[in-house]
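For reference, run.cif (mmCIF, C-alpha atoms and all ligand atoms):
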data_coords
#
loop_
_atom_site.group_PDB
_atom_site.id
_atom_site.type_symbol
_atom_site.label_atom_id
_atom_site.label_comp_id
_atom_site.auth_asym_id
_atom_site.auth_seq_id
_atom_site.Cartn_x
_atom_site.Cartn_y
_atom_site.Cartn_z
ATOM 1 C CA MET A 124 21.181 15.323 -4.732
ATOM 2 C CA GLN A 125 20.424 16.481 -8.281
ATOM 3 C CA VAL A 126 19.777 13.690 -10.820
ATOM 4 C CA LYS A 127 21.942 14.084 -13.959
ATOM 5 C CA ILE A 128 19.972 13.267 -17.088
ATOM 6 C CA LYS A 129 21.975 11.990 -20.042
ATOM 7 C CA GLY A 130 21.299 10.243 -23.337
ATOM 8 C CA THR A 131 21.598 6.893 -21.576
ATOM 9 C CA THR A 132 19.315 7.674 -18.616
ATOM 10 C CA LYS A 133 16.628 5.056 -17.997
ATOM 11 C CA ILE A 134 13.191 6.414 -17.143
ATOM 12 C CA CYS A 135 10.690 5.159 -14.574
ATOM 13 C CA GLY A 136 7.584 7.012 -13.567
ATOM 14 C CA LEU A 137 4.240 7.269 -11.858
ATOM 15 C CA PHE A 138 0.812 7.288 -13.511
ATOM 16 C CA GLY A 139 -1.903 8.794 -11.338
ATOM 17 C CA TYR A 140 -4.558 11.493 -11.200
ATOM 18 C CA PRO A 141 -3.530 13.521 -9.318
ATOM 19 C CA VAL A 142 0.192 12.879 -8.751
ATOM 20 C CA GLU A 143 1.289 16.186 -7.182
ATOM 21 C CA HIS A 144 1.000 14.867 -3.620
ATOM 22 C CA SER A 145 3.091 11.721 -4.239
ATOM 23 C CA PHE A 146 6.196 10.990 -2.156
ATOM 24 C CA SER A 147 7.439 8.385 -4.650
ATOM 25 C CA PRO A 148 9.505 10.693 -6.930
ATOM 26 C CA ALA A 149 11.575 11.934 -3.973
ATOM 27 C CA MET A 150 11.952 8.409 -2.564
ATOM 28 C CA GLN A 151 12.946 6.719 -5.862
ATOM 29 C CA ASN A 152 15.250 9.486 -7.111
ATOM 30 C CA ALA A 153 17.074 9.533 -3.760
ATOM 31 C CA ALA A 154 17.576 5.772 -4.115
ATOM 32 C CA PHE A 155 18.881 6.060 -7.706
ATOM 33 C CA SER A 156 21.278 8.862 -6.740
ATOM 34 C CA SER A 157 22.641 7.075 -3.713
ATOM 35 C CA LEU A 158 23.590 4.000 -5.782
ATOM 36 C CA LEU A 159 24.793 6.202 -8.686
ATOM 37 C CA LEU A 160 22.304 4.509 -11.014
ATOM 38 C CA ASP A 161 21.609 6.176 -14.359
ATOM 39 C CA PHE A 162 17.852 6.190 -13.698
ATOM 40 C CA VAL A 163 15.264 8.901 -13.145
ATOM 41 C CA TYR A 164 11.680 8.752 -11.795
ATOM 42 C CA VAL A 165 9.117 11.177 -13.194
ATOM 43 C CA PRO A 166 5.484 11.830 -12.146
ATOM 44 C CA PHE A 167 2.959 11.771 -15.026
ATOM 45 C CA THR A 168 -0.547 13.199 -14.636
ATOM 46 C CA VAL A 169 -2.704 10.705 -16.532
ATOM 47 C CA ALA A 170 -6.394 11.609 -16.791
ATOM 48 C CA PRO A 171 -8.758 8.613 -16.591
ATOM 49 C CA GLY A 172 -9.640 8.720 -20.307
ATOM 50 C CA ASP A 173 -5.960 8.683 -21.299
ATOM 51 C CA LEU A 174 -4.840 5.575 -19.426
ATOM 52 C CA ALA A 175 -4.750 3.216 -22.444
ATOM 53 C CA GLN A 176 -2.610 5.675 -24.420
ATOM 54 C CA ALA A 177 -0.323 6.278 -21.465
ATOM 55 C CA VAL A 178 0.290 2.538 -21.057
ATOM 56 C CA ARG A 179 1.073 2.215 -24.767
ATOM 57 C CA ALA A 180 3.581 5.043 -24.269
ATOM 58 C CA VAL A 181 5.527 2.912 -21.779
ATOM 59 C CA ARG A 182 6.481 0.749 -24.761
ATOM 60 C CA ALA A 183 6.734 3.561 -27.294
ATOM 61 C CA LEU A 184 9.025 5.674 -25.087
ATOM 62 C CA ASN A 185 10.910 2.636 -23.817
ATOM 63 C CA LEU A 186 10.314 3.412 -20.127
ATOM 64 C CA VAL A 187 11.757 0.861 -17.682
ATOM 65 C CA GLY A 188 8.457 0.775 -15.834
ATOM 66 C CA VAL A 189 5.961 2.837 -13.899
ATOM 67 C CA ASN A 190 4.089 2.859 -10.643
ATOM 68 C CA VAL A 191 0.340 3.106 -10.970
ATOM 69 C CA THR A 192 -1.780 4.861 -8.384
ATOM 70 C CA VAL A 193 -5.316 6.134 -7.791
ATOM 71 C CA PRO A 194 -7.559 5.965 -9.826
ATOM 72 C CA HIS A 195 -5.824 3.590 -12.268
ATOM 73 C CA LYS A 196 -4.761 0.572 -10.205
ATOM 74 C CA GLU A 197 -7.710 -1.624 -11.225
ATOM 75 C CA LYS A 198 -8.478 -0.086 -14.620
ATOM 76 C CA VAL A 199 -4.939 -0.724 -15.942
ATOM 77 C CA LEU A 200 -5.215 -4.541 -15.922
ATOM 78 C CA PRO A 201 -6.653 -5.069 -19.432
ATOM 79 C CA PHE A 202 -3.816 -3.057 -21.015
ATOM 80 C CA LEU A 203 -1.037 -5.312 -19.715
ATOM 81 C CA ASP A 204 0.506 -8.444 -21.280
ATOM 82 C CA GLU A 205 0.957 -10.425 -18.082
ATOM 83 C CA LEU A 206 -0.022 -10.268 -14.409
ATOM 84 C CA THR A 207 1.731 -11.754 -11.385
ATOM 85 C CA PRO A 208 -0.400 -14.009 -9.158
ATOM 86 C CA GLU A 209 -0.569 -11.189 -6.535
ATOM 87 C CA ALA A 210 -1.849 -8.711 -9.113
ATOM 88 C CA GLN A 211 -4.384 -11.259 -10.321
ATOM 89 C CA LEU A 212 -5.609 -12.063 -6.830
ATOM 90 C CA THR A 213 -5.922 -8.430 -5.751
ATOM 91 C CA GLY A 214 -7.286 -7.309 -9.117
ATOM 92 C CA ALA A 215 -4.940 -4.311 -8.928
ATOM 93 C CA VAL A 216 -1.510 -3.315 -10.225
ATOM 94 C CA ASN A 217 0.765 -0.710 -8.620
ATOM 95 C CA THR A 218 3.957 -1.458 -10.581
ATOM 96 C CA ILE A 219 4.474 -2.146 -14.285
ATOM 97 C CA VAL A 220 7.753 -3.645 -15.466
ATOM 98 C CA HIS A 221 8.629 -3.266 -19.173
ATOM 99 C CA ILE A 222 10.680 -6.165 -20.502
ATOM 100 C CA GLU A 223 11.468 -6.025 -24.217
ATOM 101 C CA GLY A 224 8.055 -4.824 -25.301
ATOM 102 C CA ARG A 225 6.069 -6.857 -22.774
ATOM 103 C CA LEU A 226 4.346 -5.123 -19.874
ATOM 104 C CA VAL A 227 4.117 -7.144 -16.673
ATOM 105 C CA GLY A 228 1.733 -5.960 -13.931
ATOM 106 C CA HIS A 229 2.861 -6.482 -10.341
ATOM 107 C CA ASN A 230 1.288 -5.534 -7.041
ATOM 108 C CA THR A 231 3.927 -4.737 -4.418
ATOM 109 C CA ASP A 232 1.445 -3.261 -1.916
ATOM 110 C CA GLY A 233 0.683 -6.555 -0.187
ATOM 111 C CA ALA A 234 4.287 -7.775 -0.113
ATOM 112 C CA GLY A 235 5.351 -4.280 0.981
ATOM 113 C CA PHE A 236 2.891 -4.443 3.862
ATOM 114 C CA LEU A 237 4.230 -7.867 4.908
ATOM 115 C CA ARG A 238 7.841 -6.657 4.767
ATOM 116 C CA ALA A 239 6.898 -3.605 6.843
ATOM 117 C CA LEU A 240 5.180 -5.854 9.396
ATOM 118 C CA ARG A 241 8.248 -8.038 9.668
ATOM 119 C CA GLU A 242 10.982 -5.412 9.526
ATOM 120 C CA GLU A 243 9.369 -2.421 11.225
ATOM 121 C CA ALA A 244 7.257 -4.242 13.807
ATOM 122 C CA GLY A 245 8.838 -7.717 14.087
ATOM 123 C CA PHE A 246 5.447 -9.334 13.482
ATOM 124 C CA SER A 247 4.816 -12.624 11.651
ATOM 125 C CA PRO A 248 1.193 -13.187 10.528
ATOM 126 C CA ALA A 249 1.411 -17.007 10.327
ATOM 127 C CA GLY A 250 -1.289 -18.556 12.514
ATOM 128 C CA LYS A 251 -2.531 -15.140 13.712
ATOM 129 C CA ASN A 252 -6.029 -13.687 13.711
ATOM 130 C CA VAL A 253 -6.504 -10.293 12.100
ATOM 131 C CA LEU A 254 -9.097 -7.517 12.088
ATOM 132 C CA VAL A 255 -9.176 -5.365 8.937
ATOM 133 C CA LEU A 256 -11.049 -2.046 9.036
ATOM 134 C CA GLY A 257 -12.271 -1.090 5.558
ATOM 135 C CA ALA A 258 -12.933 -3.203 2.476
ATOM 136 C CA GLY A 259 -11.561 -1.122 -0.438
ATOM 137 C CA GLY A 260 -8.540 -1.694 -2.651
ATOM 138 C CA ALA A 261 -5.978 -1.227 0.118
ATOM 139 C CA ALA A 262 -7.862 -3.596 2.434
ATOM 140 C CA ARG A 263 -7.971 -6.201 -0.323
ATOM 141 C CA ALA A 264 -4.205 -6.001 -0.967
ATOM 142 C CA VAL A 265 -3.468 -6.333 2.746
ATOM 143 C CA ALA A 266 -5.981 -9.126 3.380
ATOM 144 C CA VAL A 267 -4.784 -11.192 0.391
ATOM 145 C CA ALA A 268 -1.162 -10.794 1.501
ATOM 146 C CA LEU A 269 -1.982 -11.749 5.090
ATOM 147 C CA ALA A 270 -3.911 -14.805 3.892
ATOM 148 C CA GLY A 271 -0.950 -15.796 1.711
ATOM 149 C CA ALA A 272 1.385 -15.391 4.691
ATOM 150 C CA GLY A 273 -0.627 -17.877 6.733
ATOM 151 C CA ALA A 274 -2.995 -15.671 8.756
ATOM 152 C CA GLN A 275 -5.649 -17.917 10.224
ATOM 153 C CA GLU A 276 -8.804 -15.834 10.618
ATOM 154 C CA ILE A 277 -9.468 -12.500 8.955
ATOM 155 C CA SER A 278 -12.400 -10.431 10.229
ATOM 156 C CA ILE A 279 -13.431 -7.468 8.094
ATOM 157 C CA ALA A 280 -15.495 -4.485 9.240
ATOM 158 C CA ASN A 281 -16.585 -1.819 6.781
ATOM 159 C CA ARG A 282 -18.944 1.166 6.730
ATOM 160 C CA THR A 283 -20.746 -0.482 3.805
ATOM 161 C CA ALA A 284 -21.336 -3.989 5.159
ATOM 162 C CA GLN A 285 -21.929 -5.510 1.725
ATOM 163 C CA ARG A 286 -18.371 -4.725 0.579
ATOM 164 C CA ALA A 287 -16.970 -6.463 3.666
ATOM 165 C CA GLN A 288 -19.111 -9.511 2.871
ATOM 166 C CA GLU A 289 -17.876 -9.597 -0.722
ATOM 167 C CA LEU A 290 -14.233 -9.374 0.314
ATOM 168 C CA ALA A 291 -14.720 -12.097 2.952
ATOM 169 C CA ARG A 292 -16.399 -14.353 0.392
ATOM 170 C CA GLU A 293 -13.559 -13.898 -2.105
ATOM 171 C CA LEU A 294 -10.901 -14.563 0.525
ATOM 172 C CA ASN A 295 -12.708 -17.757 1.541
ATOM 173 C CA GLU A 296 -12.957 -18.901 -2.059
ATOM 174 C CA ARG A 297 -9.467 -17.989 -3.212
ATOM 175 C CA THR A 298 -7.137 -18.209 -0.192
ATOM 176 C CA PRO A 299 -6.529 -20.697 2.634
ATOM 177 C CA ALA A 300 -7.588 -18.144 5.313
ATOM 178 C CA LYS A 301 -10.959 -18.192 7.091
ATOM 179 C CA ALA A 302 -12.595 -14.812 6.523
ATOM 180 C CA ARG A 303 -15.805 -13.233 7.783
ATOM 181 C CA ALA A 304 -17.505 -9.858 7.720
ATOM 182 C CA ILE A 305 -18.518 -8.263 11.011
ATOM 183 C CA PHE A 306 -20.578 -5.169 11.839
ATOM 184 C CA TRP A 307 -18.625 -1.997 12.531
ATOM 185 C CA SER A 308 -20.018 -1.414 16.024
ATOM 186 C CA ALA A 309 -18.219 -1.069 19.353
ATOM 187 C CA ARG A 310 -19.831 -4.281 20.587
ATOM 188 C CA HIS A 311 -18.936 -6.436 17.569
ATOM 189 C CA LEU A 312 -15.400 -5.074 17.277
ATOM 190 C CA GLY A 313 -14.890 -5.471 21.030
ATOM 191 C CA GLU A 314 -15.901 -9.136 20.859
ATOM 192 C CA VAL A 315 -13.506 -9.870 18.027
ATOM 193 C CA LEU A 316 -10.576 -8.098 19.693
ATOM 194 C CA GLY A 317 -10.427 -10.721 22.424
ATOM 195 C CA ASN A 318 -9.150 -13.210 19.857
ATOM 196 C CA VAL A 319 -7.161 -11.005 17.465
ATOM 197 C CA GLN A 320 -3.445 -10.104 17.458
ATOM 198 C CA LEU A 321 -3.263 -7.660 14.529
ATOM 199 C CA ILE A 322 -5.562 -4.749 13.593
ATOM 200 C CA VAL A 323 -5.127 -2.951 10.238
ATOM 201 C CA GLN A 324 -6.875 0.381 9.596
ATOM 202 C CA THR A 325 -7.218 0.846 5.816
ATOM 203 C CA THR A 326 -9.754 3.705 5.459
ATOM 204 C CA PRO A 327 -8.678 7.294 4.694
ATOM 205 C CA VAL A 328 -10.271 8.583 7.919
ATOM 206 C CA GLY A 329 -7.611 10.601 9.788
ATOM 207 C CA MET A 330 -5.492 11.411 6.724
ATOM 208 C CA THR A 331 -4.201 14.983 6.233
ATOM 209 C CA PRO A 332 -6.054 17.395 5.949
ATOM 210 C CA GLY A 333 -8.547 15.475 8.146
ATOM 211 C CA ARG A 334 -5.940 14.501 10.720
ATOM 212 C CA GLU A 335 -8.226 15.350 13.655
ATOM 213 C CA GLN A 336 -10.644 12.602 12.596
ATOM 214 C CA CYS A 337 -10.549 9.090 13.988
ATOM 215 C CA PRO A 338 -12.519 5.967 13.032
ATOM 216 C CA SER A 339 -14.883 4.952 15.826
ATOM 217 C CA PHE A 340 -13.326 2.034 17.656
ATOM 218 C CA PRO A 341 -13.498 0.424 21.125
ATOM 219 C CA PHE A 342 -9.987 1.492 22.157
ATOM 220 C CA HIS A 343 -10.605 0.315 25.733
ATOM 221 C CA CYS A 344 -10.549 -3.291 24.398
ATOM 222 C CA LEU A 345 -6.935 -2.901 23.184
ATOM 223 C CA GLY A 346 -3.871 -3.937 25.145
ATOM 224 C CA ARG A 347 -0.235 -4.958 24.840
ATOM 225 C CA GLU A 348 -1.204 -8.199 23.082
ATOM 226 C CA HIS A 349 -2.253 -6.166 20.002
ATOM 227 C CA LEU A 350 -0.304 -4.676 17.102
ATOM 228 C CA VAL A 351 -2.283 -1.850 15.464
ATOM 229 C CA CYS A 352 -1.331 -0.663 11.951
ATOM 230 C CA ASP A 353 -2.695 2.322 10.077
ATOM 231 C CA LEU A 354 -2.026 2.439 6.320
ATOM 232 C CA ILE A 355 -2.143 6.256 6.443
ATOM 233 C CA TYR A 356 1.350 7.789 6.289
ATOM 234 C CA ASN A 357 0.472 11.469 6.466
ATOM 235 C CA PRO A 358 0.395 12.061 9.370
ATOM 236 C CA PRO A 359 2.584 9.125 10.415
ATOM 237 C CA MET A 360 0.971 9.130 13.859
ATOM 238 C CA THR A 361 -2.770 9.248 13.205
ATOM 239 C CA LYS A 362 -5.334 9.876 15.947
ATOM 240 C CA PHE A 363 -6.212 6.186 15.570
ATOM 241 C CA LEU A 364 -2.633 5.095 16.313
ATOM 242 C CA GLU A 365 -2.283 7.656 19.105
ATOM 243 C CA ARG A 366 -5.326 6.294 20.895
ATOM 244 C CA ALA A 367 -4.271 2.678 20.309
ATOM 245 C CA ARG A 368 -0.851 3.455 21.784
ATOM 246 C CA GLU A 369 -2.447 5.143 24.801
ATOM 247 C CA ALA A 370 -4.423 1.937 25.325
ATOM 248 C CA GLY A 371 -1.161 -0.039 25.501
ATOM 249 C CA ALA A 372 -1.026 -1.555 21.991
ATOM 250 C CA ALA A 373 2.074 -1.599 19.794
ATOM 251 C CA VAL A 374 1.539 0.640 16.753
ATOM 252 C CA SER A 375 2.956 0.877 13.226
ATOM 253 C CA SER A 376 2.334 3.653 10.670
ATOM 254 C CA GLY A 377 1.709 3.500 6.931
ATOM 255 C CA LEU A 378 5.184 4.862 6.218
ATOM 256 C CA GLY A 379 6.562 1.323 6.488
ATOM 257 C CA MET A 380 4.266 -0.004 3.753
ATOM 258 C CA LEU A 381 4.945 3.041 1.550
ATOM 259 C CA LEU A 382 8.682 2.488 1.951
ATOM 260 C CA HIS A 383 8.664 -1.253 1.311
ATOM 261 C CA GLN A 384 6.238 -1.227 -1.643
ATOM 262 C CA GLY A 385 8.559 1.372 -3.213
ATOM 263 C CA ALA A 386 11.641 -0.668 -2.363
ATOM 264 C CA LEU A 387 10.135 -3.715 -4.085
ATOM 265 C CA ALA A 388 9.333 -1.652 -7.205
ATOM 266 C CA PHE A 389 12.905 -0.294 -7.190
ATOM 267 C CA GLU A 390 14.248 -3.852 -7.031
ATOM 268 C CA LEU A 391 12.024 -4.974 -9.930
ATOM 269 C CA TRP A 392 13.217 -2.105 -12.150
ATOM 270 C CA THR A 393 16.915 -2.044 -11.261
ATOM 271 C CA GLY A 394 17.654 -5.608 -10.116
ATOM 272 C CA LYS A 395 19.490 -4.109 -7.110
ATOM 273 C CA ASN A 396 18.726 -4.190 -3.400
ATOM 274 C CA ALA A 397 16.924 -1.010 -2.407
ATOM 275 C CA PRO A 398 18.816 1.429 -0.142
ATOM 276 C CA LEU A 399 16.105 1.415 2.516
ATOM 277 C CA GLU A 400 17.569 4.007 4.854
ATOM 278 C CA VAL A 401 18.077 6.518 2.030
ATOM 279 C CA MET A 402 14.492 5.983 0.907
ATOM 280 C CA ARG A 403 13.174 6.288 4.446
ATOM 281 C CA ARG A 404 15.043 9.578 4.938
ATOM 282 C CA ALA A 405 13.585 10.945 1.680
ATOM 283 C CA LEU A 406 10.077 10.074 2.864
ATOM 284 C CA LEU A 407 10.602 11.752 6.222
ATOM 285 C CA GLU A 408 11.949 14.874 4.466
ATOM 286 C CA GLN A 409 8.841 14.982 2.284
ATOM 287 C CA LEU A 410 6.660 14.759 5.377
ATOM 288 C CA GLN A 411 8.497 17.631 7.017
ATOM 289 C CA GLU A 412 8.226 19.802 3.919
ATOM 290 C CA ARG A 413 4.423 19.491 3.724
HETATM 291 P P1 LIG B 501 -8.431 2.395 -1.155
HETATM 292 O O1 LIG B 501 -7.908 1.873 -2.458
HETATM 293 O O2 LIG B 501 -7.583 3.471 -0.561
HETATM 294 O O3 LIG B 501 -8.726 1.310 -0.194
HETATM 295 P P2 LIG B 501 -11.244 2.567 -1.777
HETATM 296 O O4 LIG B 501 -11.175 1.330 -2.572
HETATM 297 O O5 LIG B 501 -12.043 3.741 -2.270
HETATM 298 O O6 LIG B 501 -9.781 3.156 -1.515
HETATM 299 O O7 LIG B 501 -11.743 2.186 -0.292
HETATM 300 C C1 LIG B 501 -11.886 3.111 0.731
HETATM 301 C C2 LIG B 501 -12.286 2.377 2.014
HETATM 302 O O8 LIG B 501 -12.375 3.343 3.075
HETATM 303 C C3 LIG B 501 -13.625 1.700 1.950
HETATM 304 O O9 LIG B 501 -13.616 0.623 2.832
HETATM 305 C C4 LIG B 501 -14.550 2.808 2.452
HETATM 306 O O10 LIG B 501 -15.769 2.346 2.997
HETATM 307 P P3 LIG B 501 -17.070 2.137 2.058
HETATM 308 O O11 LIG B 501 -16.872 0.818 1.372
HETATM 309 O O12 LIG B 501 -18.208 2.142 2.994
HETATM 310 O O13 LIG B 501 -17.082 3.305 1.091
HETATM 311 C C5 LIG B 501 -13.717 3.376 3.550
HETATM 312 N N1 LIG B 501 -14.078 4.744 3.878
HETATM 313 C C6 LIG B 501 -13.869 5.858 3.114
HETATM 314 N N2 LIG B 501 -14.322 6.957 3.754
HETATM 315 C C7 LIG B 501 -14.829 6.534 4.944
HETATM 316 C C8 LIG B 501 -15.438 7.193 6.069
HETATM 317 N N3 LIG B 501 -15.623 8.511 6.081
HETATM 318 N N4 LIG B 501 -15.822 6.414 7.109
HETATM 319 C C9 LIG B 501 -15.641 5.080 7.108
HETATM 320 N N5 LIG B 501 -15.065 4.394 6.079
HETATM 321 C C10 LIG B 501 -14.670 5.122 5.018
#
Using structure tokens, write down the structure that the file contains.
Amino acid sequence: MQVKIKGTTKICGLFGYPVEHSFSPAMQNAAFSSLLLDFVYVPFTVAPGDLAQAVRAVRALNLVGVNVTVPHKEKVLPFLDELTPEAQLTGAVNTIVHIEGRLVGHNTDGAGFLRALREEAGFSPAGKNVLVLGAGGAARAVAVALAGAGAQEISIANRTAQRAQELARELNERTPAKARAIFWSARHLGEVLGNVQLIVQTTPVGMTPGREQCPSFPFHCLGREHLVCDLIYNPPMTKFLERAREAGAAVSSGLGMLLHQGALAFELWTGKNAPLEVMRRALLEQLQER
């Protein structure tokens, strides 16, 4: 449906570099149209050196808010007036809300992941043990959210072991969860899997155009007691998830997190419940078109 732009139209957007690949404009505009809201969502290419000016423009142009994506999620913090506890804890912002000249930085990635776990996979992290693969920004958002939702033990494996150690240390210091770094080897991962219920793959390995790639993993140690999530949404069924499913595990793709982090941003900007099925359909259409 075509968005009608009028003098009264409220503007949201996306700051990233690049932004051409993003599914968010299609998802958010479909949501605005379906509820007949006088809102529009526009992608803005913001080069790294221009971020401070772009954030000032949110006020100057009276935008309702913006999503923030790679490579700005961490760098944007000093330019904001206020951060939510989630944004503070993850050190990253993916959604800015503009309220009467004040810019509030939120992070809906972690809460979006938790909602996806609950609503797409029927999984509650309270009291569960988790294995996180990767230790970058996405891993941090997921691990912090899981710790906040009552996960008991969080094991982190990463190509660069030192980053896994740093993330584990921070989680131990700042959350109630017990975290530890483990080596990314078949033997170490296999040992941990005996006592883990949830596995979250957060690296870009297997993402289009590298969809034939798969992180090395002891798939033979998986079974029906495991839920395996991949944060990658293109393709929705990664090689990693395919092999986990073949081994008998339940699987969940990154589309759920993409959908729910967007739904939470929509709710922050509009104050309305997000039309989830409309947004999901828009995401699936984007996937088919690419
Ligand atoms: P994001 O915000 O998407 O998490 P990031 O902060 O750059 O991005 O983190 C990327 C993560 O994927 C890191 O854990 C990275 O491992 P390193 O810390 O060793 O760099 C991991 N990663 C990226 N490419 C990888 C590859 N080819 N094999 C294994 N891990 C990879």
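Taken over the shown file, the PyMOL selection byres (((chain A and resi 247) around 12) and not hetatm) identifies Phe236, Leu237, Arg238, Ala239, Leu240, Arg241, Glu242, Glu243, Ala244, Gly245, Phe246, Pro248, Ala249, Gly250, Lys251, Asn252, Val253, Ala268, Leu269, Ala270, Gly271, Ala272, Gly273, Ala274, Gln275, Gln320, Leu321 and Leu350 of chain A.
Going from atom CA of A:Ala264 over to atom CA of A:Cys352, you cover 14.3 Å.
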*Within 9 Å of ligand LIG 501 (chain B), counting all atoms listed in the file: which residues, as a count of residues only?*
27
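Closest approach to A:Gly329 among A:Tyr164, A:Trp307, A:Phe363, A:Phe342 is made by A:Phe363 (distances from all atoms listed in the file).
Proximity of A:Glu369, A:Glu209, A:Glu197, A:Glu293 to A:His229, computed with only C-alpha atoms, is greatest for A:Glu209.
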*Between A:Gly313, A:Gly214, A:Gly235, A:Pro358, which one has atoms that come closest to A:Met330, using only C-alpha atoms?*
A:Pro358
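Closest approach to A:Glu143 among A:Phe167, A:Leu381, A:Phe202, A:Arg334: A:Phe167, based on all atoms listed in the file.
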Using the chain letters and numbering of this document, enumerate as a CSV table (one decimal) with C-alpha atoms, in the frame of the given file the residues selected by the PyMOL selection byres (((chain A and resi 220) around 10) and not hetatm).
chain,number,residue,atom,x,y,z
A,135,CYS,CA,10.7,5.2,-14.6
A,181,VAL,CA,5.5,2.9,-21.8
A,186,LEU,CA,10.3,3.4,-20.1
A,187,VAL,CA,11.8,0.9,-17.7
A,188,GLY,CA,8.5,0.8,-15.8
A,189,VAL,CA,6.0,2.8,-13.9
A,190,ASN,CA,4.1,2.9,-10.6
A,203,LEU,CA,-1.0,-5.3,-19.7
A,205,GLU,CA,1.0,-10.4,-18.1
A,218,THR,CA,4.0,-1.5,-10.6
A,219,ILE,CA,4.5,-2.1,-14.3
A,221,HIS,CA,8.6,-3.3,-19.2
A,222,ILE,CA,10.7,-6.2,-20.5
A,223,GLU,CA,11.5,-6.0,-24.2
A,224,GLY,CA,8.1,-4.8,-25.3
A,225,ARG,CA,6.1,-6.9,-22.8
A,226,LEU,CA,4.3,-5.1,-19.9
A,227,VAL,CA,4.1,-7.1,-16.7
A,228,GLY,CA,1.7,-6.0,-13.9
A,229,HIS,CA,2.9,-6.5,-10.3
A,388,ALA,CA,9.3,-1.7,-7.2
A,391,LEU,CA,12.0,-5.0,-9.9
A,392,TRP,CA,13.2,-2.1,-12.2
_Local residues around (-2.3, -3.3, 20.9), at most 7 Å away, using only C-alpha atoms, as a list in words_ = Leu345, Gly346, Arg347, Glu348, His349, Leu350, Val351, Ala367, Arg368, Gly371, Ala372, Ala373 and Val374 of chain A
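Here the PyMOL selection byres (((chain A and resi 292) around 12) and not hetatm) catches exactly these residues: Ala258, Arg263, Ile277, Ser278, Ile279, Gln285, Arg286, Ala287, Gln288, Glu289, Leu290, Ala291, Glu293, Leu294, Asn295, Glu296, Arg297, Thr298, Pro299, Ala300, Lys301, Ala302, Arg303 and Ala304 of chain A.
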